[in-house]
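Take a look at the structure below.
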Number of protein chains: 2
Amino acid sequence: MSRNPRKNTSPRATIDDVAAEAGVSIATVSRVLNGITHKASAKTQQHVLDVVARLDYRPVHAGRALRTMRSALVALFVPDTSNMFYATIADAIASHLKDSGSSMILCNTRDEPAIQDRFLEEMESHLVNGIVLLGAVDSPGLRQAVANRLPVIFLNRRPPAGVDAPYIGVDNPLAGREVAEHFLERRWIPAGAIHGPLTSSASRGRYQSFRTQLARAGVKLEKRFVQPADLTIASGYQAAVDMLSERPYPRAIFCGNDLIAYGLYWRCCELKIRVPSELAIFGFDDNPLNEWLAPWLDTVRVPYEDYGAAVARALSLLSESPRRRIPREVILPHRLVIRR
Amino acid sequence: MSRNPRKNTSPRATIDDVAAEAGVSIATVSRVLNGITHKASAKTQQHVLDVVARLDYRPVHAGRALRTMRSALVALFVPDTSNMFYATIADAIASHLKDSGSSMILCNTRDEPAIQDRFLEEMESHLVNGIVLLGAVDSPGLRQAVANRLPVIFLNRRPPAGVDAPYIGVDNPLAGREVAEHFLERRWIPAGAIHGPLTSSASRGRYQSFRTQLARAGVKLEKRFVQPADLTIASGYQAAVDMLSERPYPRAIFCGNDLIAYGLYWRCCELKIRVPSELAIFGFDDNPLNEWLAPWLDTVRVPYEDYGAAVARALSLLSESPRRRIPREVILPHRLVIRR
DNA sequence: CATTATTAGGAAAACGTTTTCCCTGAAGAG
DNA sequence: CTCTTCAGGGAAAACGTTTTCCTAATAATG
C-alpha cells in the first residue's frame, strides 16, 4: 500500500499516489514502469499502467537520479554555436538521444579551456550520462574528468595526447590526401592553404597530409601561400587579406573549414577575383548552407547524420559497461563534394 | 557531526564528508554554501569553505532538486536549430543562464505541436526552472502547461489566444510598417511579399501591417505577388519559382525571414535577375551570416544579444515570485538594416 | 505427504540535499 | 539575580525514486 498517506496537494501525481490508487506498493509501480516484468503478474502490470495513465503520472527525474546516480541528461560541448556545421550535428545527436529518453544540455565552450572546465564540473554535478565533446580543447579539467571516469566521448577532434577515451569522427589525414590528389589532377598549382589551429587534431590532420601529399608529387607550398586562421569567417577573411596582398595569386586554396572559405570568398569578391575559374576554393565540412549560398565551393562532406547514431550507440555502450572495452574509435566516411 | 559515518567509496565528496572533515553538521555546510550568513559565525563559514575547497566538493544537483523541487535547468524550445538566427539567440540565452548558475536543455520542436508537447512533458519531469519557447506553436500540451503553472516564457512569437504568459520579442507590426514606408520612399512598386506561416503571430504581424501600410498609401499588393512559405531556404526558393514564373516582376519583395530571402535570391540568380538593382529583397531577423554571405539583403535587425538578458531577467522574476505580477510583455528595439 | 523452488509482491533503506524545529549558552534588560 | 532575547548550530524529516531483502503462497519434485 501507499507509504505516504498524506494527501498530495501538488497538481502532479507521485508514485505514492499511483500506488495508493492501484492498491499496490510503490515498489510494484516502480518495477512495472521500469519493465521488470517478472516481479508482477500481467494483470497487475496492466492495472498499474492504467492507473498511471489515468493519473497522468510521470516520474520525476531527480528522484531517480538520486537513487541511481545517473540522470537522463547528456551534455554536448560545442566550440562555436554559430557554426551551422556544429548546429547540425547537435541536432542529429539530440534527436537520437530523445529516442533513448535523454535530453541534451548544450554547452558552448567557445574553444576556451577555462570555460570548458567550468562546464565539465557543472555537468559532473548534474550526473550526466555522457559528455560529448564536439571539438574538445586540452585542459586540466578535461584530463581530470577522464581520470575520474566521467563518460566522455570525443567528437571530430581526437583526445589530446595521453588521454584515453573513445573518438568518433572522420579520417582527416585521408581527406587531406584526397584533396591534394584533386588539386594535382586539376593542375591547381601553385596551391595555397588557410589552415585552422594546429592544436586541433582535425585541423592538423587535414592540413599536414594535404601538404605532404603535394610534396610527394613534387609540389611545394610557398610560404606566403600558407596562412593560419581560426575557424571563423572573419578570421578567414583576414588570412585572405594577407595572402592576397600581392600578385601572383595561388590557383586554388584549401581552407581549414567552410567558414574560412566564406571569408576568403568575400575577399576575392572585393578583389574582383573570379571564383572558381581564376581561383578555386576548397573547404571542409560541407556546411549545410553551401547548397544555397556557396555554389562556388568545393568541400569535404562530413556525414552529420551519422554522428547522431554513432554517438547514441557509443553512449549506450559506455553506460551499460563502463569498464568493458568499447571501440576506441569510430571512423565515419567522408566524401569530396565537387560542384560544377 | 556527520550523519553518515559509512566511508564514501566514490571519488566524489558528499556533504557528509565535508561535515565530518570540518567537524560541523551537514546543516551548517548547506547553509554556508547557500549564503545563509546569519546561522554560522564568520569563522565557521570560512572554515567550511576551506574544507569545501580542499575536498573539491560540489553539491549534486539531484539532491537539491529533490528537496527544493527546482532544478538548475532551463529548457529552450527552438523550431529550427539549423536557422542561425535561433542559434545565436540560444547562445545569448545560454551564456546569461550560466551566469545565474543554470544550464540549458535544448529542444528542437521542428515547429510540430506533437514534438513540442512531448518535450513539455519531459521538461516538467526534469523540474526545469523555466521553459523558454522561442517560436512556440499552439498545442494542447502547451495550454495544459500554462494551466499547470509551468514557468513558460514566449519568445518572438506571442502566446496563442487565451493563453496568459509573458512575452518577449520585437514589435512585428511596427517593423512591418517601417518596411512598407521604406518601400514607398524608394518607389519600390509593384511590391511583393513572401510571408511566413500566418499561424505565427510574428509572421502575421510583419506581413499584415506591411500590407495595410502600403494600402494606406494607395498601393495594393497584387495577388500573384504574394506567396506563403515556411521559414526555410527551400520553401523560399519554391515560392520564388512560383512568383517569378512570368514577367513583369515586382520591383521589390518583402520576405518573412532571411532564409526565405536566401531562397528567393537563389532563384533570382538562376533567372539572371540583378539584386537589388532590378529586384530588391528585404528580409527579417538579420541573420548573422548576412554580413558575409548576403550583402545584397536589406533586413530588419532583431537584437539577439538583448534576448539573453531579457530572458534571464524574466526567469528570475518568475522564480522568485511565481504568483506576483510580472511584466506581461517586453518589447525589444529593432532596427532596419539597409545595405548599400 | 514432505520438501523445495518459484512467483508475486511488500517494507524499508538508501541516494544527497535543504529546511524546520529544537537546544544551548551568552548577552542584555529589569 | 532573574528573565528574556538572540546568536550559533545540531538532529532529523522530507523530497521521489530504485532496489535489496524478505515473506507468503503456490507449484514442482521427491
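Just so we're on the same page: first chain in the C-alpha cells is A, next is B, and so on; residues restart at 1 for each chain, and ligands are numbered from 1 in the order they show up.
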Leaving out range 261-268 of chain A and any residue of its chain fewer than 4 positions from it, which residues lie within 8 Å of it when counting only C-alpha atoms (C1' of nucleotides), given as a PyMOL selection string? (chain A and resi 232-241+255-257+272-275+281-283+294+297) or (chain B and resi 292-293)
I'd like to know which residues of range 25-156 of chain B are strand (DSSP E) (by DSSP, run on the backbone); could you write them as a PyMOL selection string? chain B and resi 73-78+103-108+130-134+152-155
Give me a file of those residues, with N, CA, C and O atoms, as a tab-separated table (two decimals), in the first residue's frame.
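Result saved to part-v3.tsv:
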chain	number	residue	atom	x	y	z
B	73	LEU	N	18.04	23.92	-14.18
B	73	LEU	CA	17.92	23.70	-15.61
B	73	LEU	C	16.87	24.61	-16.21
B	73	LEU	O	15.83	24.88	-15.59
B	74	VAL	N	17.14	25.06	-17.40
B	74	VAL	CA	16.16	25.82	-18.16
B	74	VAL	C	16.08	25.18	-19.54
B	74	VAL	O	17.10	24.82	-20.12
B	75	ALA	N	14.87	25.02	-20.03
B	75	ALA	CA	14.70	24.42	-21.36
B	75	ALA	C	14.48	25.52	-22.39
B	75	ALA	O	13.73	26.45	-22.14
B	76	LEU	N	15.14	25.38	-23.51
B	76	LEU	CA	14.90	26.30	-24.61
B	76	LEU	C	14.32	25.52	-25.78
B	76	LEU	O	14.95	24.59	-26.29
B	77	PHE	N	13.15	25.92	-26.18
B	77	PHE	CA	12.49	25.27	-27.32
B	77	PHE	C	12.77	26.10	-28.57
B	77	PHE	O	12.57	27.31	-28.56
B	78	VAL	N	13.19	25.43	-29.61
B	78	VAL	CA	13.55	26.12	-30.85
B	78	VAL	C	12.87	25.39	-32.00
B	78	VAL	O	12.88	24.17	-32.04
B	103	SER	N	21.93	25.62	-16.36
B	103	SER	CA	22.33	25.06	-17.64
B	103	SER	C	21.11	24.98	-18.55
B	103	SER	O	19.97	25.03	-18.09
B	104	MET	N	21.36	24.86	-19.83
B	104	MET	CA	20.27	24.94	-20.80
B	104	MET	C	20.07	23.64	-21.56
B	104	MET	O	20.98	23.13	-22.19
B	105	ILE	N	18.86	23.13	-21.49
B	105	ILE	CA	18.49	21.97	-22.29
B	105	ILE	C	17.89	22.47	-23.60
B	105	ILE	O	16.98	23.30	-23.58
B	106	LEU	N	18.42	21.98	-24.70
B	106	LEU	CA	17.95	22.44	-26.00
B	106	LEU	C	16.95	21.45	-26.58
B	106	LEU	O	17.24	20.25	-26.66
B	107	CYS	N	15.79	21.95	-26.96
B	107	CYS	CA	14.74	21.10	-27.51
B	107	CYS	C	14.34	21.59	-28.89
B	107	CYS	O	13.84	22.71	-29.02
B	108	ASN	N	14.54	20.78	-29.87
B	108	ASN	CA	14.18	21.15	-31.24
B	108	ASN	C	12.78	20.65	-31.55
B	108	ASN	O	12.57	19.46	-31.76
B	130	GLY	N	12.55	26.91	-15.96
B	130	GLY	CA	11.97	27.76	-16.99
B	130	GLY	C	11.86	27.00	-18.30
B	130	GLY	O	12.65	26.11	-18.58
B	131	ILE	N	10.84	27.36	-19.06
B	131	ILE	CA	10.69	26.80	-20.39
B	131	ILE	C	10.56	27.99	-21.33
B	131	ILE	O	9.55	28.69	-21.32
B	132	VAL	N	11.59	28.21	-22.09
B	132	VAL	CA	11.62	29.37	-22.97
B	132	VAL	C	11.22	28.91	-24.36
B	132	VAL	O	11.93	28.12	-24.98
B	133	LEU	N	10.08	29.40	-24.81
B	133	LEU	CA	9.55	28.95	-26.09
B	133	LEU	C	9.91	29.95	-27.16
B	133	LEU	O	9.24	30.98	-27.33
B	134	LEU	N	10.95	29.64	-27.87
B	134	LEU	CA	11.37	30.51	-28.98
B	134	LEU	C	10.63	30.02	-30.21
B	134	LEU	O	10.99	29.03	-30.82
B	152	VAL	N	6.64	29.07	-18.15
B	152	VAL	CA	6.91	29.26	-19.57
B	152	VAL	C	7.05	30.74	-19.93
B	152	VAL	O	6.43	31.61	-19.31
B	153	ILE	N	7.88	30.99	-20.90
B	153	ILE	CA	8.07	32.33	-21.44
B	153	ILE	C	8.02	32.23	-22.95
B	153	ILE	O	8.66	31.36	-23.53
B	154	PHE	N	7.27	33.13	-23.56
B	154	PHE	CA	7.17	33.12	-25.02
B	154	PHE	C	8.16	34.11	-25.62
B	154	PHE	O	8.19	35.27	-25.22
B	155	LEU	N	8.91	33.60	-26.57
B	155	LEU	CA	9.91	34.44	-27.19
B	155	LEU	C	9.57	34.57	-28.66
B	155	LEU	O	9.32	33.56	-29.34
Report as a list in words the set of chain C residues whose atoms approach chain A to within 8 Å, with distances computed over only C-alpha atoms (C1' of nucleotides).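 Residues passing the distance filter: DT7, DA8, DG9, DG10, DA14, DC15 and DG16 of chain C.
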Might you pull out every residue within 8 Å of range 165-178 of chain A, with only C-alpha atoms (C1' of nucleotides) counted and same-chain residues fewer than 5 positions away left off, and present them as a ChimeraX atom specification? /A:146,152-159,202-203,205-210,213,300,302,307,310-311,326-334,336
Write out as a ChimeraX atom specification which residues come within 10 Å of Arg339 in chain B when counting only C-alpha atoms (C1' of nucleotides), dropping same-chain ones fewer than 6 positions away. /B:276,291,294-299
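Of the residues under consideration (A:Ala42, A:Leu49, A:Ile260, A:Leu318), A:Ile260 shows the shortest atom-to-atom contact distance to chain B when counting only C-alpha atoms.
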Using only C-alpha atoms (C1' of nucleotides), which protein or nucleic acid residues come within 12 Å of Glu112 in chain A? Drop anything in the same chain fewer than 3 positions from it, and give the result as a ChimeraX atom specification. /A:77-80,107-109,115-119,135-142
Using DSSP on the backbone coordinates, identify all residues within range 62-133 of chain A classified as alpha helix (DSSP H); present the result as an NGL selection string. :A and (62-68 or 84-99 or 113-125)
Give me the chain D side of the contact with range 1-6 of chain C, cut-off 10 Å, one line per residue showing its nearest atom pair and distance in Å at one decimal, counting only C-alpha atoms (C1' of nucleotides), sorted by chain and residue number, as CSV.
residue,atom,partner,partner_atom,distance
D:DT26,C1',C:DT6,C1',8.3
D:DA27,C1',C:DT6,C1',7.2
D:DA28,C1',C:DA5,C1',7.1
D:DT29,C1',C:DT4,C1',7.4
D:DG30,C1',C:DT3,C1',7.8
Could you dump the residues just selected with N, CA and C atoms (P, O5', C5', C4', C3', O3' and C1' of nucleotides) as a PDB file, in the first residue's frame?
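As written to disk, out-v4.pdb reads:
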ATOM      1  P    DT D  26      -2.519 -19.720  -2.361  1.00  0.00           P
ATOM      2  O5'  DT D  26      -1.847 -20.511  -3.575  1.00  0.00           O
ATOM      3  C5'  DT D  26      -1.378 -19.754  -4.685  1.00  0.00           C
ATOM      4  C4'  DT D  26      -0.195 -20.454  -5.300  1.00  0.00           C
ATOM      5  C3'  DT D  26      -0.477 -21.871  -5.809  1.00  0.00           C
ATOM      6  O3'  DT D  26      -0.480 -21.836  -7.222  1.00  0.00           O
ATOM      7  C1'  DT D  26       1.666 -21.641  -4.813  1.00  0.00           C
ATOM      8  P    DA D  27      -0.909 -23.176  -8.033  1.00  0.00           P
ATOM      9  O5'  DA D  27       0.502 -23.761  -8.505  1.00  0.00           O
ATOM     10  C5'  DA D  27       1.413 -22.884  -9.163  1.00  0.00           C
ATOM     11  C4'  DA D  27       2.728 -23.594  -9.365  1.00  0.00           C
ATOM     12  C3'  DA D  27       2.610 -25.001  -9.936  1.00  0.00           C
ATOM     13  O3'  DA D  27       3.580 -25.149 -10.968  1.00  0.00           O
ATOM     14  C1'  DA D  27       3.811 -25.069  -7.892  1.00  0.00           C
ATOM     15  P    DA D  28       3.581 -26.449 -11.861  1.00  0.00           P
ATOM     16  O5'  DA D  28       4.894 -27.182 -11.326  1.00  0.00           O
ATOM     17  C5'  DA D  28       6.140 -26.488 -11.417  1.00  0.00           C
ATOM     18  C4'  DA D  28       7.193 -27.248 -10.647  1.00  0.00           C
ATOM     19  C3'  DA D  28       7.399 -28.701 -11.096  1.00  0.00           C
ATOM     20  O3'  DA D  28       8.788 -28.910 -11.293  1.00  0.00           O
ATOM     21  C1'  DA D  28       7.082 -28.595  -8.755  1.00  0.00           C
ATOM     22  P    DT D  29       9.269 -30.268 -11.992  1.00  0.00           P
ATOM     23  O5'  DT D  29       9.780 -31.122 -10.754  1.00  0.00           O
ATOM     24  C5'  DT D  29      10.834 -30.603  -9.920  1.00  0.00           C
ATOM     25  C4'  DT D  29      10.966 -31.470  -8.699  1.00  0.00           C
ATOM     26  C3'  DT D  29      11.102 -32.968  -8.983  1.00  0.00           C
ATOM     27  O3'  DT D  29      12.404 -33.409  -8.608  1.00  0.00           O
ATOM     28  C1'  DT D  29       9.677 -32.520  -7.127  1.00  0.00           C
ATOM     29  P    DG D  30      12.896 -34.844  -9.065  1.00  0.00           P
ATOM     30  O5'  DG D  30      12.774 -35.738  -7.765  1.00  0.00           O
ATOM     31  C5'  DG D  30      13.606 -35.446  -6.641  1.00  0.00           C
ATOM     32  C4'  DG D  30      13.026 -36.108  -5.401  1.00  0.00           C
ATOM     33  C3'  DG D  30      12.698 -37.586  -5.581  1.00  0.00           C
ATOM     34  O3'  DG D  30      13.874 -38.367  -5.230  1.00  0.00           O
ATOM     35  C1'  DG D  30      10.968 -36.433  -4.361  1.00  0.00           C
TER      36       DG D  30
END
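Distances to chain A were evaluated for D:DC22, D:DT17, D:DC3, D:DA11 using only C-alpha atoms (C1' of nucleotides), and the minimum falls at D:DT17.
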Near Pro228 in chain A, counting only C-alpha atoms (C1' of nucleotides), which residues have an atom at most 7 Å away, once you skip same-chain residues fewer than 5 positions from it, shown as an mmCIF file with N, CA and C atoms, in the first residue's frame?
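What ended up in selection.cif:
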data_model
loop_
_atom_site.group_PDB
_atom_site.id
_atom_site.type_symbol
_atom_site.label_atom_id
_atom_site.label_comp_id
_atom_site.auth_asym_id
_atom_site.auth_seq_id
_atom_site.Cartn_x
_atom_site.Cartn_y
_atom_site.Cartn_z
ATOM 1 N N ILE A 194 44.772 27.826 -46.121
ATOM 2 C CA ILE A 194 44.479 28.566 -44.893
ATOM 3 C C ILE A 194 43.987 27.524 -43.902
ATOM 4 N N HIS A 195 44.856 27.157 -42.982
ATOM 5 C CA HIS A 195 44.514 26.036 -42.102
ATOM 6 C C HIS A 195 44.017 26.527 -40.753
ATOM 7 N N GLY A 196 43.287 25.671 -40.077
ATOM 8 C CA GLY A 196 42.810 26.004 -38.735
ATOM 9 C C GLY A 196 43.909 25.844 -37.709
ATOM 10 N N PRO A 197 43.568 26.063 -36.441
ATOM 11 C CA PRO A 197 44.567 25.970 -35.369
ATOM 12 C C PRO A 197 45.195 24.582 -35.329
ATOM 13 N N ALA A 239 42.972 36.271 -43.080
ATOM 14 C CA ALA A 239 44.040 35.478 -43.687
ATOM 15 C C ALA A 239 44.101 35.725 -45.187
#
Separating CA of Val179 in chain B from CA of Ser200 in chain B, to the nearest tenth of an Å, is a gap of 18.9 Å
Do a neighbour search on Ala191 in chain A at 6 Å with only C-alpha atoms (C1' of nucleotides), toss out local chain neighbours closer than 2 positions, and write the hits as a list in words. Ile189, Pro250, Arg251, Ala252 and Ile253 of chain A
Those residues you just picked out, can you put them in a file as a PDB file, in the first residue's frame with C-alpha atoms?
ATOM      1  CA  ILE A 189      49.267  24.953 -58.966  1.00  0.00           C
ATOM      2  CA  PRO A 250      47.576  30.848 -55.935  1.00  0.00           C
ATOM      3  CA  ARG A 251      45.453  28.937 -58.400  1.00  0.00           C
ATOM      4  CA  ALA A 252      43.471  27.318 -55.591  1.00  0.00           C
ATOM      5  CA  ILE A 253      43.291  27.409 -51.803  1.00  0.00           C
TER       6      ILE A 253
END
Do me a favour and pick out the residues of chain D within 12 Å of chain A, using only C-alpha atoms (C1' of nucleotides), as number ranges by chain. D: 14-20
Dump N, CA, C and O atoms (P, O5', C5', C4', C3', O3' and C1' of nucleotides) for the selected residues as a compact mmCIF listing (two decimals), in the first residue's frame?
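To be explicit, this is the file written out as out36.txt:
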# COMPACT_ATOMS: atom_id res chain seq x y z
P DA D 14 8.18 14.04 7.88
O5' DA D 14 8.46 14.45 6.36
C5' DA D 14 8.56 15.83 6.05
C4' DA D 14 9.39 16.00 4.81
C3' DA D 14 9.01 15.07 3.66
O3' DA D 14 8.25 15.81 2.71
C1' DA D 14 11.38 15.41 3.86
P DC D 15 7.33 15.02 1.71
O5' DC D 15 8.10 15.25 0.34
C5' DC D 15 8.59 16.52 -0.04
C4' DC D 15 9.67 16.33 -1.07
C3' DC D 15 9.44 15.11 -1.96
O3' DC D 15 8.69 15.52 -3.10
C1' DC D 15 11.74 15.36 -1.30
P DG D 16 7.48 14.59 -3.61
O5' DG D 16 8.25 13.49 -4.47
C5' DG D 16 8.99 13.93 -5.59
C4' DG D 16 9.68 12.75 -6.22
C3' DG D 16 8.75 11.57 -6.50
O3' DG D 16 9.08 11.06 -7.79
C1' DG D 16 10.55 10.87 -5.16
P DT D 17 8.21 9.98 -8.50
O5' DT D 17 9.34 9.07 -9.15
C5' DT D 17 9.69 7.85 -8.55
C4' DT D 17 11.18 7.73 -8.52
C3' DT D 17 11.64 6.30 -8.67
O3' DT D 17 12.08 6.10 -10.00
C1' DT D 17 12.63 7.35 -6.75
P DT D 18 12.09 4.63 -10.58
O5' DT D 18 13.27 3.93 -9.74
C5' DT D 18 14.60 4.33 -9.98
C4' DT D 18 15.53 3.51 -9.11
C3' DT D 18 15.56 2.02 -9.41
O3' DT D 18 16.92 1.63 -9.32
C1' DT D 18 15.03 2.35 -7.14
P DT D 19 17.44 0.27 -9.94
O5' DT D 19 17.63 -0.62 -8.63
C5' DT D 19 18.43 -0.09 -7.59
C4' DT D 19 18.29 -0.93 -6.35
C3' DT D 19 18.18 -2.43 -6.60
O3' DT D 19 18.99 -3.08 -5.64
C1' DT D 19 16.46 -1.75 -5.20
P DT D 20 19.70 -4.46 -6.00
O5' DT D 20 20.09 -5.00 -4.54
C5' DT D 20 20.47 -4.07 -3.54
C4' DT D 20 19.83 -4.43 -2.22
C3' DT D 20 19.82 -5.93 -1.91
O3' DT D 20 20.24 -6.11 -0.58
C1' DT D 20 17.68 -5.05 -1.63
